>>> print(open('data-v6.txt').read())   # compact mmCIF, C-alpha atoms
# COMPACT_ATOMS: atom_id res chain seq x y z
CA MET A 53 0.00 0.00 0.00
CA ASP A 54 1.43 3.36 -0.96
CA THR A 55 1.96 6.25 1.38
CA ILE A 56 0.57 9.51 0.01
CA ARG A 57 1.99 12.91 0.90
CA TYR A 58 -0.30 15.93 0.50
CA THR A 59 1.22 19.37 0.08
CA ALA A 60 0.02 22.65 -1.35
CA ASP A 61 0.82 21.18 -4.77
CA GLY A 62 -1.47 18.18 -4.27
CA PRO A 63 -0.94 14.48 -3.49
CA HIS A 64 2.36 12.69 -4.14
CA ARG A 65 2.74 8.93 -3.83
CA GLY A 66 5.69 7.61 -1.88
CA PRO A 67 7.20 4.16 -1.34
CA GLY A 68 5.05 1.36 0.04
CA ARG A 69 5.12 0.25 3.67
CA ARG A 70 3.80 -3.28 3.44
CA ALA A 71 5.66 -4.51 6.47
CA LEU A 72 4.31 -1.65 8.56
CA LEU A 73 0.71 -2.08 7.45
CA ALA A 74 0.49 -5.84 7.83
CA GLY A 75 -1.56 -7.09 10.79
CA GLY A 76 -1.73 -10.20 12.91
CA THR A 77 1.89 -10.46 14.12
CA GLY A 78 3.33 -10.73 17.61
CA LEU A 79 2.92 -7.23 19.01
CA LEU A 80 -0.58 -6.89 17.61
CA GLY A 81 -1.80 -9.92 19.50
CA LEU A 82 -0.11 -8.69 22.67
CA LEU A 83 -1.82 -5.34 22.35
CA MET A 84 -5.19 -7.03 22.18
CA LEU A 85 -4.40 -9.16 25.22
CA GLY A 86 -3.32 -6.13 27.22
CA ALA A 87 0.29 -7.34 27.51
CA ALA A 88 2.15 -4.91 25.26
CA THR A 89 4.12 -1.88 26.36
CA THR A 90 4.68 1.36 24.55
CA ALA A 91 7.41 0.99 21.95
CA THR A 92 10.55 3.07 22.44
CA VAL A 93 11.53 3.39 18.79
CA PRO A 94 12.64 7.01 18.23
CA ARG A 95 10.20 9.09 16.24
CA PRO A 96 11.76 9.71 12.81
CA GLY A 97 12.92 13.29 12.46
CA THR A 98 12.40 14.18 16.15
CA ALA A 99 14.71 11.89 18.07
CA GLY A 100 16.95 13.88 20.36
CA THR A 101 15.10 17.14 19.76
CA SER A 102 12.65 19.19 21.78
CA ALA A 103 11.04 21.10 18.93
CA ILE A 104 7.82 22.87 19.84
CA GLY A 105 5.46 24.31 17.23
CA PRO A 106 3.92 23.15 13.97
CA ALA A 107 5.38 19.94 12.59
CA ASP A 108 6.85 19.76 9.12
CA THR A 109 4.64 16.72 8.41
CA LEU A 110 1.63 15.09 10.02
CA ARG A 111 1.50 11.35 9.34
CA LEU A 112 -2.10 10.14 9.50
CA GLY A 113 -3.29 6.54 9.39
CA PHE A 114 -6.78 5.29 8.55
CA PHE A 115 -8.67 2.42 6.90
CA ALA A 116 -10.06 2.40 3.38
CA ASN A 117 -13.46 1.67 4.89
CA LEU A 118 -16.79 3.45 5.17
CA THR A 119 -16.55 3.76 8.95
CA HIS A 120 -13.53 6.00 8.32
CA ALA A 121 -15.53 8.33 6.07
CA PRO A 122 -14.19 11.54 7.69
CA ALA A 123 -10.67 10.49 6.70
CA LEU A 124 -11.79 9.55 3.18
CA VAL A 125 -13.52 12.92 2.74
CA GLY A 126 -10.84 14.93 4.51
CA THR A 127 -8.18 13.66 2.11
CA ALA A 128 -10.33 13.64 -1.04
CA ASN A 129 -11.55 17.21 -0.59
CA GLY A 130 -8.25 18.58 0.67
CA LEU A 131 -9.77 19.59 4.01
CA PHE A 132 -6.89 18.27 6.14
CA ALA A 133 -4.21 19.55 3.80
CA ARG A 134 -5.73 23.04 3.69
CA GLU A 135 -5.85 23.44 7.47
CA LEU A 136 -2.36 22.01 7.95
CA ALA A 137 -0.84 24.06 5.14
CA ALA A 138 -1.80 27.27 6.95
CA SER A 139 0.88 26.38 9.52
CA GLY A 140 3.35 25.04 6.96
CA THR A 141 2.61 21.37 7.64
CA ALA A 142 2.33 18.71 4.93
CA LEU A 143 0.02 15.70 5.28
CA GLU A 144 1.21 12.13 4.76
CA THR A 145 -1.30 9.27 4.89
CA SER A 146 -0.96 5.52 5.29
CA ILE A 147 -3.73 2.93 4.89
CA PHE A 148 -4.12 0.17 7.48
CA GLY A 149 -6.21 -2.98 7.54
CA ALA A 150 -6.83 -3.27 11.29
CA GLY A 151 -6.75 -1.15 14.42
CA PRO A 152 -3.91 -3.02 16.17
CA ALA A 153 -1.64 -2.37 13.19
CA ALA A 154 -2.37 1.36 13.41
CA VAL A 155 -1.71 1.26 17.15
CA GLU A 156 1.63 -0.45 16.58
CA ALA A 157 2.57 2.27 14.09
CA LEU A 158 1.64 4.98 16.62
CA ASN A 159 3.71 3.29 19.31
CA ALA A 160 6.66 2.91 16.97
CA GLY A 161 6.57 6.58 15.95
CA ALA A 162 5.77 5.70 12.34
CA ILE A 163 2.56 7.77 12.32
CA ASP A 164 1.36 10.63 14.49
CA ALA A 165 -2.43 10.21 14.44
CA ALA A 166 -4.89 7.53 13.40
CA TYR A 167 -8.54 6.72 12.93
CA LEU A 168 -9.28 3.40 14.64
CA GLY A 169 -11.88 1.50 16.61
CA PRO A 170 -12.47 2.25 20.30
CA ASN A 171 -11.37 -1.18 21.55
CA PRO A 172 -7.86 -1.01 20.02
CA ALA A 173 -7.59 2.54 21.39
CA ILE A 174 -8.58 1.37 24.89
CA ALA A 175 -6.19 -1.62 24.71
CA ALA A 176 -3.29 0.60 23.65
CA PHE A 177 -3.98 3.07 26.44
CA THR A 178 -4.34 0.52 29.22
CA SER A 179 -1.47 -1.73 28.14
CA SER A 180 0.93 1.23 28.02
CA GLY A 181 0.00 2.64 31.40
CA GLY A 182 -1.74 5.57 29.73
CA ARG A 183 1.20 6.53 27.51
CA GLY A 184 0.15 4.95 24.22
CA LEU A 185 -2.32 7.42 22.76
CA ARG A 186 -5.06 9.97 23.38
CA VAL A 187 -8.52 9.95 21.83
CA VAL A 188 -9.18 13.52 20.70
CA ALA A 189 -12.51 13.12 18.87
CA GLY A 190 -15.13 10.73 17.65
CA ALA A 191 -15.61 10.00 13.96
CA ALA A 192 -18.33 7.38 13.40
CA ALA A 193 -21.02 5.73 15.50
CA GLY A 194 -23.19 2.67 14.91
CA GLY A 195 -23.06 0.44 11.87
CA ALA A 196 -22.30 -3.09 13.12
CA GLN A 197 -24.38 -6.25 12.82
CA LEU A 198 -24.22 -10.01 13.29
CA VAL A 199 -25.31 -11.47 9.96
CA VAL A 200 -25.81 -15.21 9.46
CA ARG A 201 -26.84 -17.80 6.89
CA ALA A 202 -30.46 -18.75 6.33
CA GLY A 203 -31.76 -21.25 8.84
CA ILE A 204 -30.19 -19.65 11.91
CA ALA A 205 -33.10 -18.02 13.71
CA ASP A 206 -31.73 -17.36 17.20
CA ALA A 207 -28.69 -17.65 19.45
CA ALA A 208 -29.29 -21.36 20.05
CA GLY A 209 -28.90 -21.95 16.31
CA LEU A 210 -25.31 -20.72 16.49
CA ARG A 211 -24.06 -23.56 18.67
CA GLY A 212 -21.41 -25.47 16.75
CA THR A 213 -21.12 -22.87 14.00
CA THR A 214 -18.12 -20.87 12.80
CA LEU A 215 -18.35 -17.08 12.82
CA ALA A 216 -15.89 -14.40 11.74
CA THR A 217 -14.85 -11.02 13.12
CA PRO A 218 -12.38 -8.57 11.58
CA GLN A 219 -9.69 -8.85 14.29
CA LEU A 220 -9.09 -10.71 17.53
CA GLY A 221 -9.78 -8.27 20.34
CA GLY A 222 -11.16 -5.67 17.95
CA THR A 223 -14.38 -3.78 18.53
CA GLN A 224 -16.65 -6.25 16.70
CA ASP A 225 -14.82 -9.29 18.10
CA VAL A 226 -15.46 -8.16 21.68
CA ALA A 227 -19.09 -7.34 20.85
CA LEU A 228 -19.69 -10.83 19.46
CA ARG A 229 -18.05 -12.62 22.40
CA THR A 230 -20.00 -10.48 24.87
CA TRP A 231 -23.31 -11.16 23.15
CA LEU A 232 -22.67 -14.91 22.96
CA ALA A 233 -21.78 -14.98 26.67
CA SER A 234 -25.02 -13.16 27.48
CA ARG A 235 -26.85 -15.98 25.70
CA GLY A 236 -25.09 -18.69 27.71
CA MET A 237 -22.42 -19.55 25.13
CA GLU A 238 -19.03 -18.87 26.61
CA THR A 239 -16.08 -18.49 24.26
CA ASP A 240 -12.36 -18.44 24.81
CA LEU A 241 -9.30 -18.07 22.63
CA ARG A 242 -9.20 -21.80 21.95
CA GLY A 243 -12.81 -22.44 21.04
CA GLY A 244 -16.08 -22.75 22.92
CA ALA A 245 -19.68 -23.21 21.90
CA VAL A 246 -19.04 -21.14 18.78
CA SER A 247 -15.80 -21.01 16.80
CA ILE A 248 -14.74 -17.41 16.16
CA THR A 249 -12.22 -16.85 13.39
CA PRO A 250 -10.54 -13.43 12.96
CA THR A 251 -10.72 -12.80 9.21
CA ALA A 252 -10.15 -9.88 6.88
CA ASN A 253 -13.50 -8.43 5.81
CA ALA A 254 -13.09 -9.10 2.09
CA GLN A 255 -12.15 -12.71 2.81
CA THR A 256 -15.16 -13.03 5.13
CA LEU A 257 -17.47 -12.25 2.23
CA GLU A 258 -15.91 -14.99 0.10
CA LEU A 259 -15.88 -17.53 2.94
CA PHE A 260 -19.55 -16.86 3.64
CA ARG A 261 -20.43 -17.28 -0.03
CA SER A 262 -18.60 -20.62 -0.12
CA GLY A 263 -20.29 -21.87 3.05
CA THR A 264 -17.02 -22.10 4.99
CA ILE A 265 -18.33 -19.79 7.72
CA ASP A 266 -21.88 -19.39 8.99
CA GLY A 267 -21.89 -15.68 9.70
CA ALA A 268 -19.93 -12.71 11.00
CA TRP A 269 -20.15 -9.68 13.29
CA LEU A 270 -19.07 -6.91 10.95
CA PRO A 271 -18.89 -3.14 10.57
CA GLU A 272 -20.37 -1.42 7.56
CA PRO A 273 -20.29 -1.73 4.64
CA TRP A 274 -19.44 -5.40 5.08
CA ALA A 275 -22.59 -6.32 6.96
CA SER A 276 -24.59 -4.78 4.11
CA ARG A 277 -22.50 -6.59 1.51
CA LEU A 278 -23.15 -9.99 3.10
CA VAL A 279 -26.88 -9.21 3.28
CA LEU A 280 -27.31 -7.79 -0.23
CA GLU A 281 -24.64 -9.73 -2.14
CA ALA A 282 -24.49 -13.08 -0.33
CA GLY A 283 -27.99 -13.64 1.06
CA ALA A 284 -27.18 -13.26 4.76
CA ARG A 285 -29.84 -12.28 7.28
CA VAL A 286 -29.44 -9.96 10.27
CA LEU A 287 -29.54 -11.83 13.58
CA VAL A 288 -28.34 -8.94 15.78
CA ASP A 289 -28.14 -5.22 15.10
CA GLU A 290 -25.67 -3.92 17.67
CA ALA A 291 -27.65 -0.68 17.92
CA ASP A 292 -30.36 -2.66 19.72
CA LEU A 293 -27.91 -3.55 22.49
CA TRP A 294 -27.12 0.05 23.49
CA GLU A 295 -29.84 1.57 25.64
CA GLY A 296 -28.24 5.03 25.75
CA THR A 297 -26.38 4.90 29.06
CA GLY A 298 -23.16 6.84 28.61
CA THR A 299 -23.76 7.67 24.97
CA GLY A 300 -26.68 10.09 25.16
CA ALA A 301 -29.21 8.21 23.03
CA PRO A 302 -30.45 4.65 22.55
CA GLY A 303 -28.75 2.81 19.71
CA LYS A 304 -25.64 5.01 19.71
CA PHE A 305 -22.22 3.43 20.26
CA PRO A 306 -18.70 4.39 19.12
CA THR A 307 -17.31 2.73 16.01
CA THR A 308 -14.38 4.94 14.96
CA VAL A 309 -12.38 7.50 16.93
CA LEU A 310 -9.49 9.83 16.12
CA ALA A 311 -6.41 9.21 18.29
CA VAL A 312 -3.04 10.93 18.46
CA SER A 313 0.41 10.24 19.84
CA PRO A 314 0.74 12.08 23.20
CA ASP A 315 4.41 12.81 22.47
CA PHE A 316 3.62 14.33 19.09
CA ALA A 317 0.70 16.32 20.51
CA ALA A 318 2.90 17.74 23.28
CA ARG A 319 5.52 18.87 20.77
CA HIS A 320 3.16 20.04 18.03
CA ARG A 321 -0.11 21.16 19.57
CA GLN A 322 -0.77 23.55 16.67
CA THR A 323 -0.61 20.65 14.23
CA ILE A 324 -3.21 18.67 16.19
CA ASP A 325 -5.39 21.80 16.34
CA ASP A 326 -5.14 22.05 12.56
CA LEU A 327 -5.99 18.36 12.14
CA LEU A 328 -9.08 18.74 14.32
CA ARG A 329 -10.32 21.69 12.27
CA GLY A 330 -9.96 19.57 9.14
CA HIS A 331 -11.73 16.69 10.88
CA LEU A 332 -14.68 18.93 11.80
CA ALA A 333 -14.82 20.28 8.27
CA ALA A 334 -14.99 16.73 6.91
CA LEU A 335 -17.80 15.81 9.31
CA ASP A 336 -19.74 18.95 8.41
CA TRP A 337 -19.41 18.17 4.72
CA ILE A 338 -20.57 14.56 5.16
CA ASN A 339 -23.60 15.67 7.17
CA THR A 340 -24.64 18.69 5.06
CA ALA A 341 -23.51 18.16 1.46
CA LYS A 342 -25.85 16.83 -1.20
CA ARG A 343 -26.30 13.09 -0.77
CA ALA A 344 -25.17 12.35 -4.32
CA SER A 345 -21.92 14.24 -3.79
CA VAL A 346 -21.22 12.37 -0.56
CA LEU A 347 -21.88 9.00 -2.18
CA ASP A 348 -19.73 9.83 -5.20
CA THR A 349 -16.81 11.07 -3.10
CA LEU A 350 -16.82 8.09 -0.75
CA ASN A 351 -17.09 5.58 -3.57
CA ALA A 352 -14.29 7.25 -5.53
CA GLN A 353 -12.02 7.04 -2.48
CA LEU A 354 -12.95 3.42 -1.81
CA GLU A 355 -12.19 2.54 -5.42
CA GLN A 356 -8.84 4.33 -5.33
CA LEU A 357 -7.66 3.12 -1.92
CA ALA A 358 -9.37 -0.27 -1.56
CA GLY A 359 -9.57 -1.23 -5.21
CA ALA A 360 -13.34 -1.44 -5.55
CA ALA A 361 -16.36 0.83 -5.26
CA LEU A 362 -19.61 -0.21 -3.59
CA SER A 363 -22.90 -0.78 -5.32
CA PRO A 364 -25.42 2.06 -4.77
CA ALA A 365 -27.68 -0.28 -2.78
CA VAL A 366 -24.88 -1.37 -0.44
CA LEU A 367 -23.66 2.20 0.03
CA GLU A 368 -27.14 3.49 0.85
CA ARG A 369 -27.90 0.68 3.29
CA ALA A 370 -24.53 1.02 5.02
CA LEU A 371 -24.73 4.79 5.42
CA GLY A 372 -28.21 4.42 6.83
CA LYS A 373 -26.74 2.42 9.72
CA LEU A 374 -23.96 4.93 10.49
CA SER A 375 -23.82 8.40 11.97
CA PHE A 376 -20.80 10.69 11.83
CA THR A 377 -20.06 12.75 14.92
CA PRO A 378 -17.04 14.33 16.64
CA ASP A 379 -18.42 13.18 20.01
CA PRO A 380 -16.02 10.43 21.21
CA LEU A 381 -18.90 8.88 23.22
CA ALA A 382 -16.47 8.34 26.07
CA GLY A 383 -19.23 7.15 28.38
CA ALA A 384 -19.24 3.87 26.46
CA TYR A 385 -15.57 3.06 27.11
CA PRO A 386 -15.90 1.57 30.63
CA ARG A 387 -18.47 -0.88 29.25
CA LEU A 388 -16.26 -1.72 26.26
CA LEU A 389 -13.29 -2.39 28.54
CA ALA A 390 -15.37 -4.48 30.95
CA ASN A 391 -16.63 -6.55 28.03
CA ALA A 392 -13.08 -7.11 26.74
CA ALA A 393 -11.91 -8.13 30.21
CA ALA A 394 -14.81 -10.55 30.56
CA ALA A 395 -13.77 -12.11 27.26
CA SER A 396 -10.15 -12.49 28.52
CA LEU A 397 -8.97 -9.97 25.94
CA ALA A 398 -7.98 -7.21 28.37
CA GLU A 399 -7.24 -6.53 32.01
CA PRO A 400 -9.38 -4.21 34.15
CA ALA A 401 -7.78 -0.76 34.27
CA GLY A 402 -8.49 2.91 34.77
CA LEU A 403 -9.36 5.05 31.76
CA ASP A 404 -8.67 8.50 33.21
CA GLY A 405 -6.78 10.50 30.60
CA LEU A 406 -7.71 8.36 27.61
CA VAL A 407 -9.94 11.08 26.13
CA ASP A 408 -8.68 14.66 25.71
CA THR A 409 -11.33 16.90 24.18
CA SER A 410 -9.34 20.13 24.57
CA PHE A 411 -8.23 20.00 20.92
CA LEU A 412 -11.80 19.41 19.79
CA GLU A 413 -13.15 22.27 21.89
CA LYS A 414 -10.52 24.66 20.52
CA ALA A 415 -11.22 23.58 16.93
CA ARG A 416 -14.95 24.06 17.41
CA ALA A 417 -14.39 27.54 18.86
CA ALA A 418 -12.14 28.46 15.93
CA ARG A 419 -14.70 27.32 13.38
CA THR A 420 -17.47 29.21 15.17
CA ALA A 421 -15.36 32.37 15.25
CA SER A 422 -14.61 32.05 11.54
CA GLY A 423 -18.28 31.52 10.67
CA THR A 424 -17.75 28.02 9.31
CA GLY A 425 -19.71 26.26 12.06
CA ALA A 426 -18.76 24.43 15.23
CA GLY A 427 -18.73 20.93 13.74
CA ALA A 428 -21.20 18.09 13.43
>>> encode(input="data-v6.txt", output="structure tokens")
Amino acid sequence: MDTIRYTADGPHRGPGRRALLAGGTGLLGLLMLGAATTATVPRPGTAGTSAIGPADTLRLGFFANLTHAPALVGTANGLFARELAASGTALETSIFGAGPAAVEALNAGAIDAAYLGPNPAIAAFTSSGGRGLRVVAGAAAGGAQLVVRAGIADAAGLRGTTLATPQLGGTQDVALRTWLASRGMETDLRGGAVSITPTANAQTLELFRSGTIDGAWLPEPWASRLVLEAGARVLVDEADLWEGTGTGAPGKFPTTVLAVSPDFAARHRQTIDDLLRGHLAALDWINTAKRASVLDTLNAQLEQLAGAALSPAVLERALGKLSFTPDPLAGAYPRLLANAAAASLAEPAGLDGLVDTSFLEKARAARTASGTGAGA
């Protein structure tokens, strides 16, 4: 996967970072199990320095996925690059396939900020003693379902089946294990009443079509793709499991957040301020632009970065399950951590300091003062 550098002159492709972007190796599993520590690899270009002020480059990681729509729009429409350029900062982006891989890159100093799921963010924070990252804003909420083959009508019908999730210890993986446990089907890392196989989303679609797996707990647009393209049925909509405690409204739960390196933020607060203004601009555009423009922009980015656009029906269904908000929905995090601990994928820990909304508040105030709005 190429790294793309955005400057005032536009995007420039750089050399690939396949080793960096690959998931599923040693440290990634340790992060999910709460056993990793913050990496001490020097941050390229800053080792041995104490520079304060705007950075020369902001390195941003995200997924080529619909739940990372603010990143897709922010890069496609030049919203990040414009805000950063005002302080003389260039934008460099890298595409990841899973949250733990993005966390590893943050810890190693290979990127400075990332869009990722709340569970990998919580795991990175707790396993590093609070040093790994800071969540500075929300990005997406909702949009996850357990979809299964025809003939499975309830939880009891899942006994003895094989299900997939995108990543061991990831947000959907924890949700599935928690739901199964609530229905009397305990799972562990070696098996249980239901076999859970961490699988890349694109591969999950093919395995479901072939009958190799019986279903999957997936984020959008993959849940919609299995339903509309492979004949799956919805057994559980995760929105139905959130009654509103801690998130402000029934059915709302965090799916994607924006996190930053604390070290980078301490050195380059202006750069994080600029990033947050671009993030708010992207959210505003998603929520207020003409629907056709939003669909076209997202599909063009998915085709460019992931290699394939979505059908109009899949895109419409998937977006109907998602909402895009800068609210990090931090009230949900204690429940997410407790669920991960119950599934033996994390250790109980304090979350004080995980969320820092000071950047978001400043960015909102700046946009209000400039007449561009306070953000979604």
>>> atom_distance(input="data-v6.txt", atom1="atom CA of A:Thr251", atom2="atom CA of A:Thr377")
27.8 Å
>>> atom_distance(input="data-v6.txt", atom1="atom CA of A:Leu327", atom2="atom CA of A:Leu357")
20.8 Å
>>> closest_atom_pairs(input="data-v6.txt", of="stretch 136-233 of chain A", to="stretch 330-348 of chain A", cutoff="10 Å", atoms="all atoms listed in the file", output="JSON lines")
{"residue": "A:Leu136", "atom": "CA", "partner": "A:Gly330", "partner_atom": "CA", "distance": 8.1}
{"residue": "A:Ala189", "atom": "CA", "partner": "A:His331", "partner_atom": "CA", "distance": 8.8}
{"residue": "A:Gly190", "atom": "CA", "partner": "A:His331", "partner_atom": "CA", "distance": 9.6}
{"residue": "A:Ala191", "atom": "CA", "partner": "A:Leu335", "partner_atom": "CA", "distance": 7.8}
{"residue": "A:Ala192", "atom": "CA", "partner": "A:Leu335", "partner_atom": "CA", "distance": 9.4}
>>> residues_around(input="data-v6.txt", residues="A:Asp225", least_positions_apart="6", cutoff="9 Å", atoms="all atoms listed in the file", output="PyMOL selection string")
chain A and resi 216-219+248+250+269-270
>>> atom_distance(input="data-v6.txt", atom1="atom CA of A:Asp292", atom2="atom CA of A:Leu210")
19.0 Å
>>> residues_around(input="data-v6.txt", residues="A:Thr307", least_positions_apart="5", cutoff="7 Å", atoms="all atoms listed in the file", output="VMD selection string")
chain A and resid 169 to 170 192 to 194
>>> closest_residue(input="data-v6.txt", among="A:Ala311, A:Leu158, A:Ala116, A:Leu215", to="A:Arg229", atoms="all atoms listed in the file")
A:Leu215
>>> residues_around(input="data-v6.txt", residues="A:Leu168", least_positions_apart="6", cutoff="6 Å", atoms="all atoms listed in the file", output="list in words")
Gly151, Thr308 and Val309 of chain A
